[in-house]
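Source file: final.cif. Holds: mmCIF, C-alpha atoms.
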```cif
data_protein
loop_
_atom_site.label_atom_id
_atom_site.label_comp_id
_atom_site.auth_asym_id
_atom_site.auth_seq_id
_atom_site.Cartn_x
_atom_site.Cartn_y
_atom_site.Cartn_z
CA MET A 1 -120.28 107.92 -120.02
CA ALA A 2 -120.85 104.53 -121.65
CA PRO A 3 -123.95 102.42 -120.94
CA SER A 4 -123.50 100.21 -117.90
CA ASP A 5 -123.92 96.47 -117.55
CA ALA A 6 -127.41 95.95 -116.08
CA SER A 7 -126.42 92.55 -114.73
CA ALA A 8 -124.03 94.23 -112.31
CA SER A 9 -126.83 96.14 -110.55
CA THR A 10 -128.04 95.08 -107.10
CA SER A 11 -130.68 97.82 -106.93
CA GLN A 12 -134.29 97.15 -105.92
CA PHE A 13 -135.20 99.04 -109.09
CA ALA A 14 -135.14 97.31 -112.47
CA ALA A 15 -135.74 100.04 -115.08
CA ILE A 16 -136.57 103.69 -115.70
CA GLY A 17 -139.58 104.66 -117.83
CA LEU A 18 -139.63 108.03 -119.65
CA ASP A 19 -142.79 108.88 -121.63
CA LEU A 20 -142.40 111.93 -123.91
CA GLY A 21 -145.55 113.89 -124.67
CA GLY A 22 -146.21 117.25 -126.31
CA SER A 23 -146.66 119.05 -122.98
CA SER A 24 -145.09 116.78 -120.36
CA ILE A 25 -142.62 113.96 -119.81
CA LYS A 26 -144.04 111.35 -117.46
CA TYR A 27 -141.53 109.19 -115.66
CA GLY A 28 -141.02 106.62 -112.94
CA LEU A 29 -139.14 103.55 -111.79
CA VAL A 30 -140.20 99.94 -112.14
CA GLY A 31 -139.16 97.58 -109.38
CA THR A 32 -137.66 94.14 -109.67
CA ASP A 33 -141.23 92.80 -109.30
CA GLY A 34 -142.11 94.45 -112.63
CA LYS A 35 -144.51 96.95 -111.03
CA LEU A 36 -144.42 100.73 -111.14
CA VAL A 37 -143.03 102.24 -107.94
CA GLU A 38 -145.85 104.71 -107.35
CA SER A 39 -143.79 107.07 -105.18
CA THR A 40 -141.47 107.72 -108.15
CA PHE A 41 -144.20 108.39 -110.73
CA SER A 42 -144.31 112.06 -111.70
CA LYS A 43 -143.96 114.40 -114.66
CA ALA A 44 -141.83 117.29 -115.88
CA ALA A 45 -142.65 119.93 -118.49
CA THR A 46 -141.61 119.13 -122.04
CA PRO A 47 -139.21 121.88 -123.19
CA GLU A 48 -140.81 124.28 -125.65
CA GLY A 49 -140.52 122.90 -129.15
CA ALA A 50 -139.36 119.50 -127.85
CA HIS A 51 -136.02 119.56 -129.67
CA PRO A 52 -134.24 116.23 -129.02
CA ASP A 53 -131.21 117.89 -127.38
CA ALA A 54 -133.41 119.82 -124.97
CA VAL A 55 -135.52 116.75 -124.22
CA ALA A 56 -132.40 114.69 -123.53
CA GLN A 57 -131.16 117.27 -121.03
CA VAL A 58 -134.52 117.29 -119.22
CA MET A 59 -134.45 113.50 -119.08
CA ALA A 60 -130.91 113.56 -117.70
CA GLY A 61 -132.21 115.88 -114.98
CA ILE A 62 -135.09 113.50 -114.29
CA VAL A 63 -132.66 110.62 -113.77
CA ALA A 64 -130.66 112.79 -111.36
CA ASP A 65 -133.89 113.64 -109.50
CA LEU A 66 -134.79 109.95 -109.25
CA GLN A 67 -131.34 109.20 -107.86
CA GLU A 68 -131.79 111.89 -105.22
CA LEU A 69 -135.34 110.77 -104.39
CA THR A 70 -134.42 107.12 -103.93
CA GLY A 71 -130.89 107.49 -102.62
CA ASP A 72 -129.91 104.98 -105.28
CA GLU A 73 -127.25 105.64 -107.90
CA LEU A 74 -129.35 103.63 -110.39
CA ALA A 75 -126.11 102.50 -112.00
CA GLY A 76 -126.70 99.81 -114.61
CA ILE A 77 -130.47 100.42 -114.62
CA PRO A 78 -131.69 100.57 -118.26
CA ALA A 79 -134.22 103.15 -119.46
CA GLY A 80 -137.13 102.98 -121.87
CA VAL A 81 -138.03 106.18 -123.74
CA THR A 82 -141.23 106.75 -125.72
CA VAL A 83 -141.52 109.11 -128.68
CA PRO A 84 -144.75 110.26 -130.38
CA GLY A 85 -143.61 109.05 -133.77
CA ILE A 86 -142.61 106.02 -135.81
CA VAL A 87 -139.50 104.32 -134.40
CA ILE A 88 -137.62 101.62 -136.34
CA ASP A 89 -134.46 100.08 -134.85
CA GLY A 90 -134.08 103.09 -132.56
CA VAL A 91 -134.30 105.63 -135.40
CA VAL A 92 -137.22 108.08 -135.39
CA HIS A 93 -139.02 108.41 -138.73
CA SER A 94 -141.87 110.80 -137.91
CA ALA A 95 -142.59 113.46 -135.31
CA ALA A 96 -146.04 114.30 -133.92
CA ASN A 97 -146.16 117.44 -131.75
CA ILE A 98 -142.37 117.47 -131.38
CA ASP A 99 -139.49 119.12 -133.27
CA LYS A 100 -138.84 117.79 -136.78
CA ALA A 101 -135.17 117.39 -135.77
CA TRP A 102 -136.23 114.01 -134.37
CA ILE A 103 -136.76 112.66 -137.88
CA GLY A 104 -133.75 110.54 -138.87
CA LEU A 105 -132.26 110.68 -135.37
CA ASP A 106 -130.75 107.50 -133.92
CA ALA A 107 -132.46 108.18 -130.61
CA THR A 108 -131.24 104.96 -129.00
CA ALA A 109 -127.57 105.86 -129.52
CA SER A 110 -128.05 109.52 -128.64
CA PHE A 111 -130.02 108.96 -125.42
CA SER A 112 -127.84 106.03 -124.31
CA ALA A 113 -124.81 108.34 -124.45
CA ILE A 114 -126.50 111.25 -122.67
CA LEU A 115 -128.23 109.17 -119.97
CA GLY A 116 -125.18 106.95 -119.48
CA ARG A 117 -127.06 103.66 -119.65
CA ASP A 118 -128.70 101.25 -122.07
CA VAL A 119 -131.77 102.91 -123.58
CA PHE A 120 -134.60 101.39 -125.62
CA VAL A 121 -136.72 103.83 -127.67
CA LEU A 122 -140.21 103.02 -128.95
CA ASN A 123 -143.43 104.60 -130.15
CA ASP A 124 -145.60 105.97 -127.32
CA ALA A 125 -148.76 104.04 -128.23
CA ASP A 126 -146.72 100.84 -128.55
CA ALA A 127 -145.40 101.42 -125.02
CA ALA A 128 -148.92 101.86 -123.64
CA GLY A 129 -149.92 98.66 -125.41
CA VAL A 130 -146.99 96.74 -123.92
CA ALA A 131 -148.08 97.80 -120.42
CA GLU A 132 -151.67 96.70 -120.98
CA VAL A 133 -150.83 93.43 -122.73
CA TYR A 134 -148.21 92.29 -120.23
CA ALA A 135 -149.71 93.51 -116.96
CA GLY A 136 -153.06 95.21 -117.57
CA ALA A 137 -156.34 94.70 -119.37
CA GLY A 138 -154.74 92.44 -121.99
CA ALA A 139 -153.17 90.00 -119.54
CA GLU A 140 -154.49 86.95 -117.72
CA HIS A 141 -152.58 85.12 -114.98
CA GLY A 142 -149.55 87.32 -115.62
CA LYS A 143 -149.34 86.52 -119.34
CA PRO A 144 -150.68 88.16 -122.53
CA VAL A 145 -154.02 86.78 -123.65
CA LYS A 146 -154.00 84.52 -126.69
CA GLY A 147 -155.08 85.86 -130.03
CA SER A 148 -155.02 89.37 -131.49
CA THR A 149 -155.20 92.38 -129.20
CA LEU A 150 -155.63 95.99 -130.32
CA LEU A 151 -155.04 98.95 -128.00
CA LEU A 152 -156.53 102.29 -129.03
CA THR A 153 -155.91 105.50 -127.10
CA LEU A 154 -158.63 108.06 -127.70
CA GLY A 155 -157.42 111.58 -126.95
CA THR A 156 -156.17 114.49 -129.06
CA GLY A 157 -155.65 111.88 -131.76
CA ILE A 158 -155.96 108.11 -131.90
CA GLY A 159 -152.94 106.02 -130.94
CA SER A 160 -152.82 102.32 -131.73
CA ALA A 161 -150.82 99.21 -130.87
CA PHE A 162 -151.44 95.72 -132.26
CA PHE A 163 -150.36 92.37 -130.79
CA ARG A 164 -150.67 88.70 -131.70
CA ASP A 165 -150.20 86.31 -128.76
CA GLY A 166 -148.32 89.09 -126.97
CA VAL A 167 -145.99 89.85 -129.90
CA LEU A 168 -146.02 93.53 -130.89
CA PHE A 169 -146.38 94.68 -134.50
CA PRO A 170 -144.73 98.10 -134.04
CA ASN A 171 -145.79 101.46 -135.45
CA VAL A 172 -149.34 100.57 -136.47
CA GLU A 173 -151.11 103.87 -137.29
CA PHE A 174 -154.80 102.99 -137.26
CA GLY A 175 -155.65 106.54 -136.18
CA HIS A 176 -154.78 107.75 -139.67
CA LEU A 177 -157.06 105.42 -141.60
CA GLU A 178 -159.25 107.16 -144.16
CA ILE A 179 -162.93 106.58 -143.46
CA ASP A 180 -165.69 108.23 -145.49
CA GLY A 181 -163.12 110.61 -146.98
CA PHE A 182 -161.72 111.76 -143.63
CA ASN A 183 -158.71 110.96 -141.50
CA ALA A 184 -160.25 108.77 -138.78
CA GLU A 185 -158.90 110.66 -135.80
CA SER A 186 -160.36 113.92 -137.11
CA LYS A 187 -163.80 112.38 -136.56
CA ALA A 188 -163.42 109.80 -133.79
CA ALA A 189 -160.71 111.10 -131.43
CA ALA A 190 -162.05 112.08 -128.01
CA ARG A 191 -161.17 115.76 -128.54
CA VAL A 192 -163.80 116.14 -131.28
CA MET A 193 -166.53 115.37 -128.78
CA HIS A 194 -165.68 118.63 -127.01
CA GLU A 195 -164.66 120.65 -130.08
CA GLU A 196 -167.92 119.88 -131.90
CA ASN A 197 -170.05 119.72 -128.75
CA LEU A 198 -171.20 116.18 -129.58
CA SER A 199 -173.61 114.28 -127.37
CA TRP A 200 -172.61 110.81 -126.19
CA GLU A 201 -175.07 109.37 -128.70
CA GLN A 202 -173.46 111.29 -131.57
CA TYR A 203 -169.93 110.39 -130.51
CA ILE A 204 -170.80 106.71 -130.02
CA ALA A 205 -172.13 106.61 -133.60
CA ARG A 206 -168.80 107.93 -134.89
CA LEU A 207 -166.82 105.55 -132.71
CA GLN A 208 -168.97 102.63 -133.90
CA ARG A 209 -168.25 103.52 -137.53
CA TYR A 210 -164.52 103.72 -136.85
CA LEU A 211 -164.25 100.56 -134.76
CA SER A 212 -166.36 98.53 -137.20
CA HIS A 213 -163.95 99.48 -139.98
CA VAL A 214 -160.87 98.65 -137.90
CA GLU A 215 -162.41 95.33 -136.87
CA PHE A 216 -163.02 94.51 -140.54
CA LEU A 217 -159.37 95.23 -141.38
CA CYS A 218 -157.57 93.27 -138.64
CA SER A 219 -160.18 91.10 -136.81
CA PRO A 220 -158.92 91.61 -133.25
CA ASP A 221 -160.14 89.28 -130.52
CA LEU A 222 -159.75 91.97 -127.86
CA ILE A 223 -159.92 95.75 -128.13
CA ILE A 224 -158.58 97.84 -125.23
CA ILE A 225 -159.68 101.47 -125.07
CA GLY A 226 -157.31 103.89 -123.36
CA GLY A 227 -157.01 107.64 -122.98
CA ALA A 228 -158.74 109.83 -120.41
CA ILE A 229 -162.13 109.06 -121.95
CA SER A 230 -161.80 105.44 -120.78
CA GLU A 231 -162.61 106.68 -117.27
CA ASP A 232 -166.17 107.15 -118.60
CA HIS A 233 -166.20 103.71 -120.26
CA GLU A 234 -169.59 102.79 -118.78
CA LYS A 235 -171.16 105.59 -120.83
CA PHE A 236 -170.08 104.28 -124.22
CA LEU A 237 -168.43 100.84 -124.31
CA PRO A 238 -171.66 98.89 -123.60
CA GLN A 239 -173.33 100.71 -126.51
CA LEU A 240 -170.81 99.49 -129.10
CA GLU A 241 -171.68 96.44 -131.22
CA LEU A 242 -168.56 94.50 -132.21
CA ARG A 243 -167.48 90.90 -132.56
CA ALA A 244 -164.39 91.55 -130.47
CA ARG A 245 -164.48 91.84 -126.71
CA ILE A 246 -163.92 95.48 -125.78
CA VAL A 247 -162.63 96.65 -122.38
CA PRO A 248 -161.21 99.82 -120.78
CA ALA A 249 -157.46 100.19 -120.26
CA GLN A 250 -156.12 99.68 -116.77
CA PHE A 251 -153.09 101.98 -116.49
CA ASN A 252 -154.07 105.15 -118.41
CA ASN A 253 -151.53 107.93 -117.66
CA ALA A 254 -148.91 105.51 -116.31
CA ALA A 255 -149.11 103.08 -119.24
CA GLY A 256 -146.36 104.70 -121.32
CA VAL A 257 -143.93 104.78 -118.41
CA LEU A 258 -144.60 101.17 -117.45
CA GLY A 259 -144.48 99.91 -121.04
CA ALA A 260 -141.25 101.78 -121.81
CA ALA A 261 -139.59 100.32 -118.72
CA HIS A 262 -140.79 96.82 -119.62
CA ARG A 263 -139.31 97.16 -123.10
CA ALA A 264 -136.00 98.34 -121.65
CA LEU A 265 -135.89 95.15 -119.62
CA LYS A 266 -137.07 92.81 -122.36
CA PRO A 267 -136.46 94.51 -125.71
CA GLY A 268 -137.01 91.27 -127.62
CA ASN A 269 -140.59 90.79 -126.39
#
```
Let me see whether you can do it: turn the structure in this file into structure tokens.
Amino acid sequence: MAPSDASASTSQFAAIGLDLGGSSIKYGLVGTDGKLVESTFSKAATPEGAHPDAVAQVMAGIVADLQELTGDELAGIPAGVTVPGIVIDGVVHSAANIDKAWIGLDATASFSAILGRDVFVLNDADAAGVAEVYAGAGAEHGKPVKGSTLLLTLGTGIGSAFFRDGVLFPNVEFGHLEIDGFNAESKAAARVMHEENLSWEQYIARLQRYLSHVEFLCSPDLIIIGGAISEDHEKFLPQLELRARIVPAQFNNAAGVLGAAHRALKPGN
């Protein structure tokens, strides 16, 4: 089935968001108002090994489930798909926690054919950043804030997305910076707090070292901290000393879905 013409759709839904993770695929629909339709937000298990063919089949099933849930054929509705890896012009160039068969794959062409619609593929952290910059902690009055904005997701690793006046610089990997002889995420990702039984004071010291270095390199005006740890932002954000304003993310688990859908609607932004 060939991708459909989105302009022909009269649906109340504008786009599908599909956020691929190592253990689950989060998904949902975004309405014509640009907001996530909460009743459609859910997740499915990522197939073991996360081979692209198996993932595509699960996503095709998700689209069928959304059609059944909404009673809408969703014909002509584009989809955004996130991948935990570097994505350039729809081609995947790295693979974190997913099958190496993704590397070199033209995921845009492959998933467009299988899902039967226009598909836009992007890095997962970039998608989360798009959501925050266009509708979350990085937006004011419905528009991206002026200046440089850096989103960092602190979890198993450190994901990053960088924007200037709302324009994305894709595939920025600030989690892999070398600091004091170590890969940054091996010392400052949220998981190390639990693995090494760090106190908040100890973890904050590591995070301060990391963020000070990142701030020196790219001088952001705003830093948005995402990941599950952001729910405890009052315990650590006020303790950090930076020039940039630093705030917690707004969307957390739904950010990838919302950002992917937004990119499917406005791939040039």
Q: Please write as a PyMOL selection string the full residue list that the PyMOL selection byres ((chain A and resi 150-152) around 7) yields on this file.
A: chain A and resi 129+148-149+153-154+158-163+220+222-226
**Q.** Option closest in space to Val172 (chain A), from A:Ala131, A:Ile204, A:Ala188, A:Ile86 [counting all atoms listed in the file]
**A.** A:Ile86
Q: Taking the file as shown, find all residues satisfying the PyMOL selection byres ((chain A and resi 41-56) around 9) and write them as a ChimeraX atom specification.
A: /A:19-29,36-40,57-62,97-102,105,107,110-111,114-115,254,257
Q | Polymer residues at most 10 Å from (-167.5, 98.4, -120.5) by all atoms listed in the file, as a ChimeraX atom specification | A | /A:225,230,232-240,245-248
Go ahead and save the picked residues with C-alpha atoms, as an mmCIF file, keeping the file's coordinate frame.
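Full text of out_26.cif as output:
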```cif
data_model
loop_
_atom_site.group_PDB
_atom_site.id
_atom_site.type_symbol
_atom_site.label_atom_id
_atom_site.label_comp_id
_atom_site.auth_asym_id
_atom_site.auth_seq_id
_atom_site.Cartn_x
_atom_site.Cartn_y
_atom_site.Cartn_z
ATOM 1 C CA ILE A 225 -159.680 101.470 -125.070
ATOM 2 C CA SER A 230 -161.800 105.440 -120.780
ATOM 3 C CA ASP A 232 -166.170 107.150 -118.600
ATOM 4 C CA HIS A 233 -166.200 103.710 -120.260
ATOM 5 C CA GLU A 234 -169.590 102.790 -118.780
ATOM 6 C CA LYS A 235 -171.160 105.590 -120.830
ATOM 7 C CA PHE A 236 -170.080 104.280 -124.220
ATOM 8 C CA LEU A 237 -168.430 100.840 -124.310
ATOM 9 C CA PRO A 238 -171.660 98.890 -123.600
ATOM 10 C CA GLN A 239 -173.330 100.710 -126.510
ATOM 11 C CA LEU A 240 -170.810 99.490 -129.100
ATOM 12 C CA ARG A 245 -164.480 91.840 -126.710
ATOM 13 C CA ILE A 246 -163.920 95.480 -125.780
ATOM 14 C CA VAL A 247 -162.630 96.650 -122.380
ATOM 15 C CA PRO A 248 -161.210 99.820 -120.780
#
```
(Q) Need the shell around Asp33 (chain A): protein/DNA/RNA residues with any atom at most 9 Å away, counting only C-alpha atoms. Skip same-chain ones fewer than 4 positions apart. Format as a PyMOL selection string? (A) chain A and resi 12-14
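When CA of Pro144 (chain A) is paired with CA of Asp221 (chain A), their separation reads 12.4 Å.
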Q: Rounded to one decimal place, report the CA of Pro267 (chain A)-CA of Phe120 (chain A) distance in Å.
A: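 Computing the Euclidean distance for CA of Pro267 (chain A) and CA of Phe120 (chain A) yields 7.1 Å.
Atom pair CA of Ala261 (chain A) / CA of Val81 (chain A) has a distance of 7.9 Å (rounded to one decimal).
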Q | Given all atoms listed in the file as the counted atoms, nearest of A:Leu258, A:Ala189, A:Leu242, A:Ala137 to Ser212 (chain A) | A | A:Leu242
Please reconstruct the missing atoms of region 131-142 of chain A (target: all heavy atoms) and return them as an mmCIF file, in the coordinates of the input.
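Produced file part20.cif, reproduced below:
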```
data_model
loop_
_atom_site.group_PDB
_atom_site.id
_atom_site.type_symbol
_atom_site.label_atom_id
_atom_site.label_comp_id
_atom_site.auth_asym_id
_atom_site.auth_seq_id
_atom_site.Cartn_x
_atom_site.Cartn_y
_atom_site.Cartn_z
ATOM 1 N N ALA A 131 -147.657 97.797 -121.828
ATOM 2 C CA ALA A 131 -148.080 97.800 -120.420
ATOM 3 C C ALA A 131 -149.393 97.054 -120.251
ATOM 4 O O ALA A 131 -149.544 96.216 -119.339
ATOM 5 C CB ALA A 131 -148.215 99.230 -119.913
ATOM 6 N N GLU A 132 -150.359 97.327 -121.116
ATOM 7 C CA GLU A 132 -151.670 96.700 -120.980
ATOM 8 C C GLU A 132 -151.641 95.210 -121.298
ATOM 9 O O GLU A 132 -152.305 94.407 -120.633
ATOM 10 C CB GLU A 132 -152.688 97.409 -121.878
ATOM 11 C CG GLU A 132 -152.988 98.848 -121.480
ATOM 12 C CD GLU A 132 -153.699 98.967 -120.139
ATOM 13 O OE1 GLU A 132 -154.295 97.975 -119.671
ATOM 14 O OE2 GLU A 132 -153.661 100.065 -119.552
ATOM 15 N N VAL A 133 -150.853 94.830 -122.301
ATOM 16 C CA VAL A 133 -150.830 93.430 -122.730
ATOM 17 C C VAL A 133 -150.047 92.545 -121.757
ATOM 18 O O VAL A 133 -150.372 91.372 -121.574
ATOM 19 C CB VAL A 133 -150.255 93.330 -124.159
ATOM 20 C CG1 VAL A 133 -149.827 91.909 -124.500
ATOM 21 C CG2 VAL A 133 -151.302 93.814 -125.158
ATOM 22 N N TYR A 134 -149.028 93.115 -121.125
ATOM 23 C CA TYR A 134 -148.210 92.290 -120.230
ATOM 24 C C TYR A 134 -148.649 92.354 -118.768
ATOM 25 O O TYR A 134 -148.336 91.447 -117.996
ATOM 26 C CB TYR A 134 -146.736 92.668 -120.360
ATOM 27 C CG TYR A 134 -146.095 92.013 -121.550
ATOM 28 C CD1 TYR A 134 -146.164 92.603 -122.806
ATOM 29 C CD2 TYR A 134 -145.473 90.775 -121.438
ATOM 30 C CE1 TYR A 134 -145.615 91.990 -123.921
ATOM 31 C CE2 TYR A 134 -144.921 90.151 -122.547
ATOM 32 C CZ TYR A 134 -144.992 90.760 -123.780
ATOM 33 O OH TYR A 134 -144.459 90.144 -124.890
ATOM 34 N N ALA A 135 -149.367 93.405 -118.380
ATOM 35 C CA ALA A 135 -149.710 93.510 -116.960
ATOM 36 C C ALA A 135 -151.080 94.133 -116.705
ATOM 37 O O ALA A 135 -151.481 94.258 -115.549
ATOM 38 C CB ALA A 135 -148.649 94.338 -116.233
ATOM 39 N N GLY A 136 -151.805 94.509 -117.756
ATOM 40 C CA GLY A 136 -153.060 95.210 -117.570
ATOM 41 C C GLY A 136 -154.266 94.497 -118.124
ATOM 42 O O GLY A 136 -154.446 93.291 -117.922
ATOM 43 N N ALA A 137 -155.069 95.234 -118.882
ATOM 44 C CA ALA A 137 -156.340 94.700 -119.370
ATOM 45 C C ALA A 137 -156.177 93.593 -120.411
ATOM 46 O O ALA A 137 -157.123 92.852 -120.674
ATOM 47 C CB ALA A 137 -157.167 95.838 -119.971
ATOM 48 N N GLY A 138 -154.980 93.476 -120.984
ATOM 49 C CA GLY A 138 -154.740 92.440 -121.990
ATOM 50 C C GLY A 138 -153.980 91.250 -121.469
ATOM 51 O O GLY A 138 -153.453 90.456 -122.256
ATOM 52 N N ALA A 139 -153.907 91.117 -120.145
ATOM 53 C CA ALA A 139 -153.170 90.000 -119.540
ATOM 54 C C ALA A 139 -154.086 89.165 -118.662
ATOM 55 O O ALA A 139 -155.030 89.673 -118.057
ATOM 56 C CB ALA A 139 -152.008 90.529 -118.701
ATOM 57 N N GLU A 140 -153.793 87.872 -118.615
ATOM 58 C CA GLU A 140 -154.490 86.950 -117.720
ATOM 59 C C GLU A 140 -153.456 86.048 -117.067
ATOM 60 O O GLU A 140 -152.586 85.495 -117.741
ATOM 61 C CB GLU A 140 -155.499 86.090 -118.495
ATOM 62 C CG GLU A 140 -156.706 86.875 -119.000
ATOM 63 C CD GLU A 140 -157.702 85.996 -119.750
ATOM 64 O OE1 GLU A 140 -157.380 84.797 -119.966
ATOM 65 O OE2 GLU A 140 -158.770 86.498 -120.131
ATOM 66 N N HIS A 141 -153.523 85.958 -115.743
ATOM 67 C CA HIS A 141 -152.580 85.120 -114.980
ATOM 68 C C HIS A 141 -151.128 85.505 -115.265
ATOM 69 O O HIS A 141 -150.248 84.649 -115.370
ATOM 70 C CB HIS A 141 -152.807 83.643 -115.286
ATOM 71 C CG HIS A 141 -154.238 83.211 -115.160
ATOM 72 N ND1 HIS A 141 -154.934 83.274 -113.971
ATOM 73 C CD2 HIS A 141 -155.109 82.733 -116.092
ATOM 74 C CE1 HIS A 141 -156.169 82.840 -114.167
ATOM 75 N NE2 HIS A 141 -156.302 82.515 -115.445
ATOM 76 N N GLY A 142 -150.913 86.833 -115.437
ATOM 77 C CA GLY A 142 -149.550 87.320 -115.620
ATOM 78 C C GLY A 142 -148.979 87.141 -117.011
ATOM 79 O O GLY A 142 -147.792 87.405 -117.231
#
```
